[in-house]
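Student: Structure: model_8.txt, compact mmCIF, C-alpha atoms.
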# COMPACT_ATOMS: atom_id res chain seq x y z
CA MET G 1110 24.53 56.96 30.43
CA GLY G 1111 26.32 58.15 33.47
CA ALA G 1112 25.59 61.37 35.14
CA ALA G 1113 28.74 62.86 33.61
CA THR G 1114 27.21 62.77 30.15
CA PRO G 1115 23.76 64.17 30.58
CA ALA G 1116 23.00 64.06 26.91
CA PRO G 1117 20.84 61.28 25.39
CA ALA G 1118 18.10 59.78 27.51
CA ARG G 1119 16.61 58.34 24.33
CA ALA G 1120 19.49 56.06 23.21
CA GLN G 1121 19.74 55.23 19.48
CA THR G 1122 16.08 55.43 18.64
CA THR G 1123 16.56 54.93 14.91
CA ILE G 1124 18.63 51.77 15.24
CA ASP G 1125 16.31 50.25 17.83
CA PHE G 1126 13.36 51.05 15.64
CA ALA G 1127 15.01 49.45 12.61
CA ILE G 1128 15.77 46.28 14.57
CA ALA G 1129 12.22 46.17 15.86
CA ILE G 1130 10.63 46.58 12.44
CA GLY G 1131 13.05 44.07 10.90
CA LEU G 1132 12.30 41.45 13.55
CA PHE G 1133 8.58 42.00 13.25
CA LEU G 1134 8.62 41.73 9.45
CA VAL G 1135 10.68 38.51 9.55
CA VAL G 1136 8.19 36.86 11.90
CA VAL G 1137 5.21 38.03 9.85
CA ALA G 1138 6.83 36.67 6.69
CA PHE G 1139 7.50 33.32 8.40
CA VAL G 1140 3.90 32.97 9.56
CA VAL G 1141 2.49 33.90 6.16
CA ALA G 1142 4.83 31.43 4.44
CA PHE G 1143 4.20 28.60 6.92
CA VAL G 1144 0.40 28.58 7.13
CA PRO G 1145 -0.25 27.42 3.51
CA THR G 1146 2.09 24.45 3.95
CA ILE G 1147 -0.14 23.15 6.75
CA PHE G 1148 -2.99 22.75 4.31
CA ALA G 1149 -0.97 21.71 1.26
CA PRO G 1150 -1.38 17.94 1.76
CA PHE G 1151 -5.16 18.39 1.92
CA GLN G 1152 -5.19 20.15 -1.45
CA SER G 1153 -3.18 17.58 -3.42
CA ILE G 1154 -5.65 14.76 -2.74
CA GLY G 1155 -6.37 14.38 -6.46
CA GLY G 1156 -3.23 12.41 -7.32
CA PRO G 1157 -3.70 9.50 -4.91
CA GLN G 1158 -7.38 9.17 -5.75
CA THR G 1159 -6.78 9.15 -9.49
CA ALA G 1160 -3.97 6.60 -9.24
CA ASP G 1161 -6.02 4.40 -6.94
CA ARG G 1162 -9.08 4.58 -9.19
CA ILE G 1163 -7.14 3.67 -12.33
CA ALA G 1164 -5.25 0.82 -10.64
CA THR G 1165 -8.43 -0.67 -9.20
CA ALA G 1166 -10.30 -0.34 -12.47
CA LEU G 1167 -7.50 -2.02 -14.43
CA ALA G 1168 -6.81 -4.84 -11.96
CA THR G 1169 -10.35 -5.77 -11.01
CA ASP G 1170 -12.37 -4.94 -14.12
CA ARG G 1171 -11.01 -3.56 -17.36
CA LEU G 1172 -8.19 -6.00 -18.05
CA GLY G 1173 -10.06 -9.03 -16.72
CA GLU G 1174 -13.48 -9.92 -15.40
CA PRO G 1175 -15.19 -8.29 -12.41
CA SER G 1176 -16.17 -11.77 -11.20
CA THR G 1177 -12.50 -12.73 -10.83
CA PRO G 1178 -10.71 -9.61 -9.61
CA TYR G 1179 -6.91 -9.40 -9.94
CA VAL G 1180 -6.95 -12.09 -12.66
CA LEU G 1181 -6.08 -10.46 -15.98
CA ASN G 1182 -7.10 -11.70 -19.40
CA GLU G 1183 -3.88 -12.29 -21.32
CA THR G 1184 -5.31 -11.43 -24.75
CA CYS G 1185 -6.87 -8.18 -23.58
CA THR G 1186 -3.85 -7.18 -21.50
CA ASN G 1187 -1.49 -7.61 -24.44
CA ALA G 1188 -3.97 -5.81 -26.72
CA PHE G 1189 -4.28 -2.97 -24.19
CA PHE G 1190 -0.57 -2.19 -24.29
CA GLU G 1191 -0.36 -2.82 -28.05
CA GLN G 1192 -3.19 -0.35 -28.64
CA LEU G 1193 -1.57 2.36 -26.53
CA GLU G 1194 1.75 1.86 -28.27
CA SER G 1195 0.80 1.51 -31.92
CA GLY G 1196 -2.86 2.51 -32.13
CA THR G 1197 -4.00 -0.97 -33.23
CA ASP G 1198 -7.49 -1.26 -31.80
CA ALA G 1199 -7.98 -4.06 -29.30
CA PRO G 1200 -10.79 -6.65 -29.74
CA THR G 1201 -14.12 -5.08 -28.83
CA THR G 1202 -14.77 -7.91 -26.38
CA CYS G 1203 -12.21 -6.33 -24.05
CA ARG G 1204 -13.68 -4.22 -21.30
CA PHE G 1205 -11.69 -1.01 -21.84
CA ASP G 1206 -12.06 1.81 -24.36
CA THR G 1207 -10.81 0.06 -27.50
CA THR G 1208 -10.40 3.27 -29.50
CA ALA G 1209 -8.32 5.44 -27.16
CA ASP G 1210 -4.76 5.92 -28.39
CA ASN G 1211 -3.12 7.36 -25.28
CA THR G 1212 -3.46 6.83 -21.56
CA SER G 1213 -5.05 10.23 -20.84
CA ALA G 1214 -7.87 9.48 -23.30
CA MET G 1215 -8.13 5.90 -22.06
CA PHE G 1216 -8.81 7.02 -18.49
CA ALA G 1217 -10.74 10.18 -19.44
CA LEU G 1218 -8.26 12.52 -17.78
CA SER G 1219 -8.09 16.18 -18.67
CA GLY G 1220 -5.36 18.62 -17.80
CA PRO G 1221 -1.63 18.69 -18.33
CA GLY G 1222 -0.74 15.59 -16.30
CA GLY G 1223 -0.18 12.09 -17.54
CA VAL G 1224 -0.55 8.43 -16.64
CA ASN G 1225 2.03 5.68 -16.94
CA VAL G 1226 0.90 2.05 -16.60
CA SER G 1227 3.27 -0.89 -16.37
CA VAL G 1228 3.22 -4.57 -15.47
CA SER G 1229 6.41 -5.94 -13.95
CA HIS G 1230 7.73 -9.15 -12.49
CA LEU G 1231 7.92 -9.33 -8.71
CA ASP G 1232 11.66 -8.67 -8.94
CA GLY G 1233 10.93 -5.32 -10.61
CA SER G 1234 11.81 -6.00 -14.25
CA ILE G 1235 9.19 -4.99 -16.82
CA ALA G 1236 7.16 -7.92 -18.23
CA THR G 1237 7.13 -8.47 -21.96
CA ARG G 1238 4.44 -9.30 -24.51
CA PRO G 1239 4.81 -10.51 -28.09
CA GLY G 1240 6.32 -7.48 -29.83
CA GLY G 1241 7.08 -5.24 -26.88
CA ASP G 1242 6.91 -4.50 -23.18
CA LEU G 1243 3.90 -4.26 -20.90
CA LEU G 1244 4.44 -0.55 -20.53
CA ALA G 1245 2.23 2.34 -21.67
CA GLY G 1246 2.06 6.08 -21.35
CA PRO G 1247 4.58 8.93 -21.47
CA ALA G 1248 7.85 8.75 -19.52
CA VAL G 1249 7.50 9.65 -15.86
CA PRO G 1250 8.78 13.18 -15.20
CA GLU G 1251 11.54 13.58 -12.65
CA THR G 1252 10.76 17.11 -11.57
CA THR G 1253 7.12 16.95 -10.49
CA SER G 1254 5.35 15.02 -7.77
CA VAL G 1255 4.21 11.57 -8.97
CA THR G 1256 1.69 9.35 -7.18
CA ALA G 1257 1.97 5.58 -7.58
CA ALA G 1258 -0.62 2.85 -6.98
CA ARG G 1259 0.22 -0.85 -7.00
CA ARG G 1260 -1.76 -4.04 -7.41
CA THR G 1261 -0.83 -7.69 -7.48
CA VAL G 1262 -2.28 -9.39 -10.53
CA LEU G 1263 -2.29 -12.82 -12.12
CA LEU G 1264 -1.36 -13.06 -15.79
CA ASP G 1265 -1.02 -16.42 -17.50
CA GLY G 1266 -0.72 -18.27 -14.18
CA GLU G 1267 2.04 -16.07 -12.80
CA THR G 1268 1.97 -13.27 -10.26
CA TYR G 1269 2.88 -9.81 -11.53
CA ARG G 1270 2.85 -6.32 -10.13
CA LEU G 1271 0.69 -3.65 -11.80
CA LEU G 1272 2.00 -0.14 -11.28
CA VAL G 1273 0.07 3.03 -12.14
CA ARG G 1274 1.84 6.36 -11.89
CA VAL G 1275 -0.07 9.63 -12.15
CA TRP G 1276 1.20 13.21 -12.23
CA MET A 388 16.66 52.34 28.38
CA ALA A 389 13.63 54.58 28.22
CA ARG A 390 11.70 54.88 24.98
CA ALA A 391 14.20 53.52 22.51
CA GLN A 392 14.55 49.88 23.46
CA ALA A 393 10.85 49.83 24.09
CA HIS A 394 10.46 49.70 20.32
CA THR A 395 12.52 46.48 20.17
CA LEU A 396 10.75 44.95 23.15
CA GLU A 397 7.42 45.77 21.56
CA ALA A 398 8.47 44.01 18.34
CA ILE A 399 9.62 40.95 20.26
CA ALA A 400 6.32 40.85 22.13
CA ALA A 401 4.38 41.13 18.87
CA ALA A 402 6.45 38.35 17.29
CA LEU A 403 5.89 36.11 20.29
CA ILE A 404 2.14 36.65 20.09
CA LEU A 405 2.12 35.80 16.37
CA VAL A 406 4.17 32.63 16.77
CA SER A 407 2.37 31.43 19.87
CA SER A 408 -1.01 31.87 18.22
CA LEU A 409 0.25 29.72 15.33
CA VAL A 410 1.51 27.06 17.76
CA PHE A 411 -1.80 27.18 19.61
CA ALA A 412 -3.75 26.74 16.36
CA LEU A 413 -1.63 23.69 15.48
CA GLN A 414 -2.02 22.15 18.93
CA VAL A 415 -5.81 22.48 19.17
CA THR A 416 -6.23 20.72 15.81
CA ALA A 417 -6.52 16.99 16.47
CA VAL A 418 -5.14 15.68 13.19
CA THR A 419 -3.30 17.69 10.62
CA PRO A 420 -1.36 16.37 7.64
CA LEU A 421 1.76 17.07 9.69
CA THR A 422 0.72 14.75 12.50
CA GLY A 423 3.47 12.21 13.03
CA SER A 424 2.92 8.82 11.42
CA THR A 425 5.11 6.34 9.64
CA SER A 426 2.40 5.57 7.15
CA SER A 427 -0.22 7.41 5.16
CA GLN A 428 -3.72 6.44 4.18
CA HIS A 429 -2.69 6.10 0.56
CA ILE A 430 0.06 3.62 1.37
CA GLU A 431 -2.27 1.61 3.60
CA ASN A 432 -4.77 1.45 0.73
CA GLN A 433 -2.08 0.22 -1.64
CA GLN A 434 -0.90 -2.46 0.78
CA GLN A 435 -4.46 -3.60 1.38
CA ALA A 436 -5.05 -3.96 -2.36
CA VAL A 437 -1.73 -5.73 -2.82
CA ALA A 438 -2.61 -8.21 -0.04
CA GLU A 439 -6.03 -8.83 -1.57
CA GLY A 440 -4.42 -9.38 -4.96
CA LEU A 441 -1.90 -11.82 -3.50
CA LEU A 442 -4.65 -14.00 -2.02
CA ALA A 443 -6.80 -13.73 -5.16
CA THR A 444 -3.96 -14.64 -7.50
CA ALA A 445 -2.80 -17.51 -5.27
CA ALA A 446 -6.33 -18.90 -5.10
CA GLU A 447 -6.71 -18.60 -8.87
CA ASN A 448 -3.46 -20.28 -9.88
CA GLY A 449 -3.86 -22.98 -7.22
CA THR A 450 -0.90 -22.18 -4.99
CA LEU A 451 -2.88 -21.13 -1.92
CA ARG A 452 -4.31 -24.55 -1.12
CA PRO A 453 -0.97 -26.46 -1.24
CA THR A 454 0.34 -24.04 1.40
CA LEU A 455 -2.61 -24.95 3.64
CA LEU A 456 -1.86 -28.63 2.98
CA TYR A 457 1.82 -28.19 3.85
CA TRP A 458 1.06 -30.03 7.10
CA ASN A 459 2.82 -32.83 8.90
CA ALA A 460 0.17 -35.23 10.21
CA SER A 461 2.50 -36.99 12.66
CA THR A 462 3.78 -33.85 14.41
CA GLU A 463 0.41 -32.14 13.86
CA ASN A 464 2.09 -28.95 12.77
CA TRP A 465 3.22 -27.24 9.56
CA ASN A 466 6.28 -28.94 8.09
CA GLY A 467 9.32 -27.67 9.98
CA ALA A 468 7.46 -24.87 11.75
CA THR A 469 7.58 -23.81 15.39
CA ASP A 470 4.51 -23.88 17.66
CA ASP A 471 3.83 -20.28 16.52
CA GLY A 472 4.07 -21.19 12.84
CA TYR A 473 6.91 -20.01 10.62
CA VAL A 474 8.60 -17.14 12.41
CA ARG A 475 11.57 -16.44 10.15
CA GLY A 476 9.79 -16.04 6.82
CA PRO A 477 7.20 -17.75 4.66
CA PRO A 478 7.13 -21.56 4.20
CA PRO A 479 9.07 -23.04 1.25
CA THR A 480 5.98 -23.39 -0.94
CA ASP A 481 5.08 -21.61 -4.20
CA PHE A 482 2.81 -19.17 -2.37
CA GLY A 483 5.50 -18.62 0.23
CA ALA A 484 7.98 -17.70 -2.50
CA VAL A 485 5.52 -15.16 -3.94
CA LEU A 486 4.98 -13.65 -0.46
CA ASP A 487 8.75 -13.39 -0.09
CA ASP A 488 9.16 -11.60 -3.44
CA ALA A 489 6.13 -9.36 -3.14
CA LEU A 490 6.32 -8.38 0.54
CA SER A 491 9.51 -9.30 2.42
CA ASP A 492 11.80 -8.04 -0.35
CA ARG A 493 10.03 -4.67 -0.30
CA GLY A 494 10.31 -4.15 3.43
CA ILE A 495 6.76 -5.19 4.25
CA ALA A 496 6.16 -7.55 7.17
CA PHE A 497 3.16 -9.84 7.23
CA ASP A 498 1.27 -12.38 9.30
CA LEU A 499 -0.51 -15.25 7.58
CA SER A 500 -3.03 -17.17 9.63
CA VAL A 501 -5.95 -19.47 9.09
CA TYR A 502 -9.29 -19.20 10.88
CA TYR A 503 -11.51 -22.24 11.30
CA VAL A 504 -14.51 -23.41 13.29
CA ASP A 505 -13.64 -26.16 15.77
CA ALA A 506 -15.81 -29.07 16.95
CA ASN A 507 -17.44 -26.89 19.62
CA GLY A 508 -18.46 -24.31 17.06
CA ASP A 509 -15.89 -21.75 18.22
CA ARG A 510 -13.83 -19.75 15.78
CA GLN A 511 -10.14 -20.52 16.21
CA ARG A 512 -7.00 -18.95 14.78
CA LEU A 513 -3.90 -20.89 13.78
CA PRO A 514 -0.81 -18.94 12.70
CA ILE A 515 1.00 -20.08 9.56
CA VAL A 516 3.54 -17.27 9.29
CA ASP A 517 4.08 -15.09 12.35
CA LEU A 518 6.52 -12.25 11.80
CA GLY A 519 5.46 -10.29 14.86
CA GLU A 520 2.75 -8.05 16.17
CA PRO A 521 1.16 -5.90 13.42
CA SER A 522 1.60 -2.15 13.83
CA ASP A 523 -1.26 0.32 14.19
CA HIS A 524 -1.39 0.95 10.44
CA ALA A 525 -1.58 -2.65 9.26
CA SER A 526 -3.95 -3.73 6.48
CA THR A 527 -5.84 -7.00 6.25
CA ALA A 528 -7.13 -9.21 3.43
CA ARG A 529 -9.12 -12.42 3.83
CA ARG A 530 -10.17 -15.23 1.55
CA LEU A 531 -12.20 -18.40 2.02
CA VAL A 532 -10.66 -21.70 0.96
CA THR A 533 -12.63 -24.93 0.59
CA LEU A 534 -10.83 -28.16 1.46
CA SER A 535 -12.06 -31.57 0.37
CA ASP A 536 -11.58 -35.05 1.83
CA ASP A 537 -9.28 -36.24 -0.93
CA ASP A 538 -6.88 -33.27 -0.78
CA ARG A 539 -3.42 -34.71 -0.20
CA LEU A 540 -1.10 -33.34 2.47
CA ARG A 541 2.24 -32.11 1.18
CA ALA A 542 5.61 -33.51 2.22
CA ALA A 543 8.44 -31.26 3.41
CA ASP A 544 9.69 -30.96 -0.19
CA GLY A 545 6.24 -29.84 -1.38
CA SER A 546 5.26 -33.03 -3.19
CA PRO A 547 1.86 -34.62 -2.46
CA THR A 548 1.97 -37.52 0.00
CA ALA A 549 -0.33 -40.53 0.17
CA ASP A 550 -2.14 -39.05 3.19
CA THR A 551 -5.46 -37.43 2.41
CA LEU A 552 -7.24 -34.96 4.67
CA GLY A 553 -10.03 -37.48 5.19
CA ASP A 554 -7.81 -39.92 7.11
CA SER A 555 -5.11 -37.69 8.61
CA ALA A 556 -4.79 -35.60 11.74
CA TYR A 557 -5.38 -32.02 10.59
CA PHE A 558 -5.98 -28.87 12.62
CA VAL A 559 -9.66 -28.78 11.74
CA GLU A 560 -12.19 -31.61 11.99
CA ASP A 561 -14.09 -32.99 8.99
CA ALA A 562 -17.12 -30.70 8.78
CA ASP A 563 -19.18 -33.13 6.72
CA PRO A 564 -18.12 -36.81 7.09
CA ASP A 565 -20.82 -37.97 4.67
CA GLN A 566 -19.68 -35.96 1.70
CA ASN A 567 -16.45 -34.99 0.04
CA LEU A 568 -16.42 -31.53 1.65
CA TYR A 569 -13.81 -31.42 4.40
CA ALA A 570 -13.96 -27.86 5.74
CA VAL A 571 -14.11 -24.22 4.73
CA VAL A 572 -11.35 -22.16 6.29
CA GLU A 573 -10.55 -18.47 6.10
CA VAL A 574 -7.02 -17.36 5.26
CA GLU A 575 -6.01 -13.98 6.61
CA LEU A 576 -3.05 -11.93 5.42
CA VAL A 577 -2.05 -8.93 7.56
CA VAL A 578 0.57 -6.62 6.07
CA TRP A 579 2.32 -3.63 7.53
CA ARG A 580 5.36 -1.52 6.83
CA ILE A 581 8.34 -2.19 9.05
Any chance you could give the structure as structure tokens?

Tutor:
Amino acid sequence: MGAATPAPARAQTTIDFAIAIGLFLVVVAFVVAFVPTIFAPFQSIGGPQTADRIATALATDRLGEPSTPYVLNETCTNAFFEQLESGTDAPTTCRFDTTADNTSAMFALSGPGGVNVSVSHLDGSIATRPGGDLLAGPAVPETTSVTAARRTVLLDGETYRLLVRVW
Amino acid sequence: MARAQAHTLEAIAAALILVSSLVFALQVTAVTPLTGSTSSQHIENQQQAVAEGLLATAAENGTLRPTLLYWNASTENWNGATDDGYVRGPPPTDFGAVLDDALSDRGIAFDLSVYYVDANGDRQRLPIVDLGEPSDHASTARRLVTLSDDDRLRAADGSPTADTLGDSAYFVEDADPDQNLYAVVEVELVVWRI
């Protein structure tokens, strides 16, 4: 803008304005998109609590005796997984709901999610019972967020790992 | 210059104000879910429950007490341990093998120690397994174990020896010489993620 060209004292107003609005909108969009993620972990507290509740209930009460936590009753544990697989009702002396046929009904869960319960050896392989595996519930989805809770339990004198997965 | 670029400068100023207010809001909040930590409350809860279960299952199937009796009366130390206890992993007992499978193999470090009351009435700590200083997010589980006079110390290969607690040098004194009770000790398992 030398003195030889006296013309525009206002430069390219339109372009500057477009850059300004574009920059401003990008920053506003970033802030609006970022703020909810700050609070997201606070909102998804349900998964960990549900998994923890089910794992504690199974390990310290429902599959054994509350007086001896983490010690499972072999008969009731086998019957628990048998009942969830084939619908054969477990003995009524067991401490869980002996009529529920799936894990959601067993743990009184509503909604679209699911629960998967398994008992495995310490090396990770699934433990077996007469006629099947100690595994119950639908297959764990690979596309949604799954919360796991673990317990160490005693079954027939051996140490096993109880794993509850909730989604 | 003049009016035109002023539009751009104004936008930059507005953007800076927006972003800096967001940064300020994050900084004045003491703890947010984004606060740096290598562990979360949920994982600590799980490890605490796992540690409790390990002690409960070992007490129930009778593998916890042999580990406490894995003691060499002549050296007055755990069989083959250093002065700080076992520092490279759990002892070669049944309970030690379970600790190895359940914790070490999953990247969880642990300290196993025993608390007892000495002759002066003071509470003392004796390390059994010492894998280092627990981190800030460690979890703890404790369990009481009752020892009796006729419990036999274990040899280095784990088999019971002829030495009973009643007439051997053990880390804790006989609490009741008149009766079969030897002592009640507290086993503590501290676990943390490496």

Student: From the options G:Thr1268, G:Val1224, G:Ala1248, G:Arg1274, which residue's atoms come nearest to chain A, counting all atoms listed in the file?

Tutor: G:Thr1268

Student: Using all atoms listed in the file, I'd like every residue of chain A that has an atom within 8 Å of chain G; please write them out as a count of residues only.

Tutor: 34

Student: Quick one: pull the distance between atom CA of Leu1243 of chain G and atom CA of Gly483 of chain A, Å, one decimal.

Tutor: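 Atom CA of Gly483 of chain A lies 25.6 Å from atom CA of Leu1243 of chain G.
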
Student: Which residues, written as a list of chain:residue names, have at least one atom at most 8 Å from Arg512 of chain A, with only C-alpha atoms counted and residues fewer than 2 positions away on the same chain left out?

Tutor: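 Near Arg512 of chain A, the qualifying residues are A:Ser500, A:Val501, A:Tyr502, A:Tyr503, A:Arg510, A:Pro514.
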
Student: Atom CA of Leu1172 of chain G and atom CA of Asn1211 of chain G, how far apart in Å?

Tutor: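 Computing it gives 16.0 Å between the two atoms.
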
Student: If the box runs along x, y and z of the file and leaves 3 Å on each side of segment 1239-1249 of chain G, what are its centre and edge lengths in Å, one decimal, as AutoDock Vina command-line options?

Tutor:
--center_x 5.0 --center_y -0.4 --center_z -22.8 --size_x 11.8 --size_y 26.2 --size_z 20.0
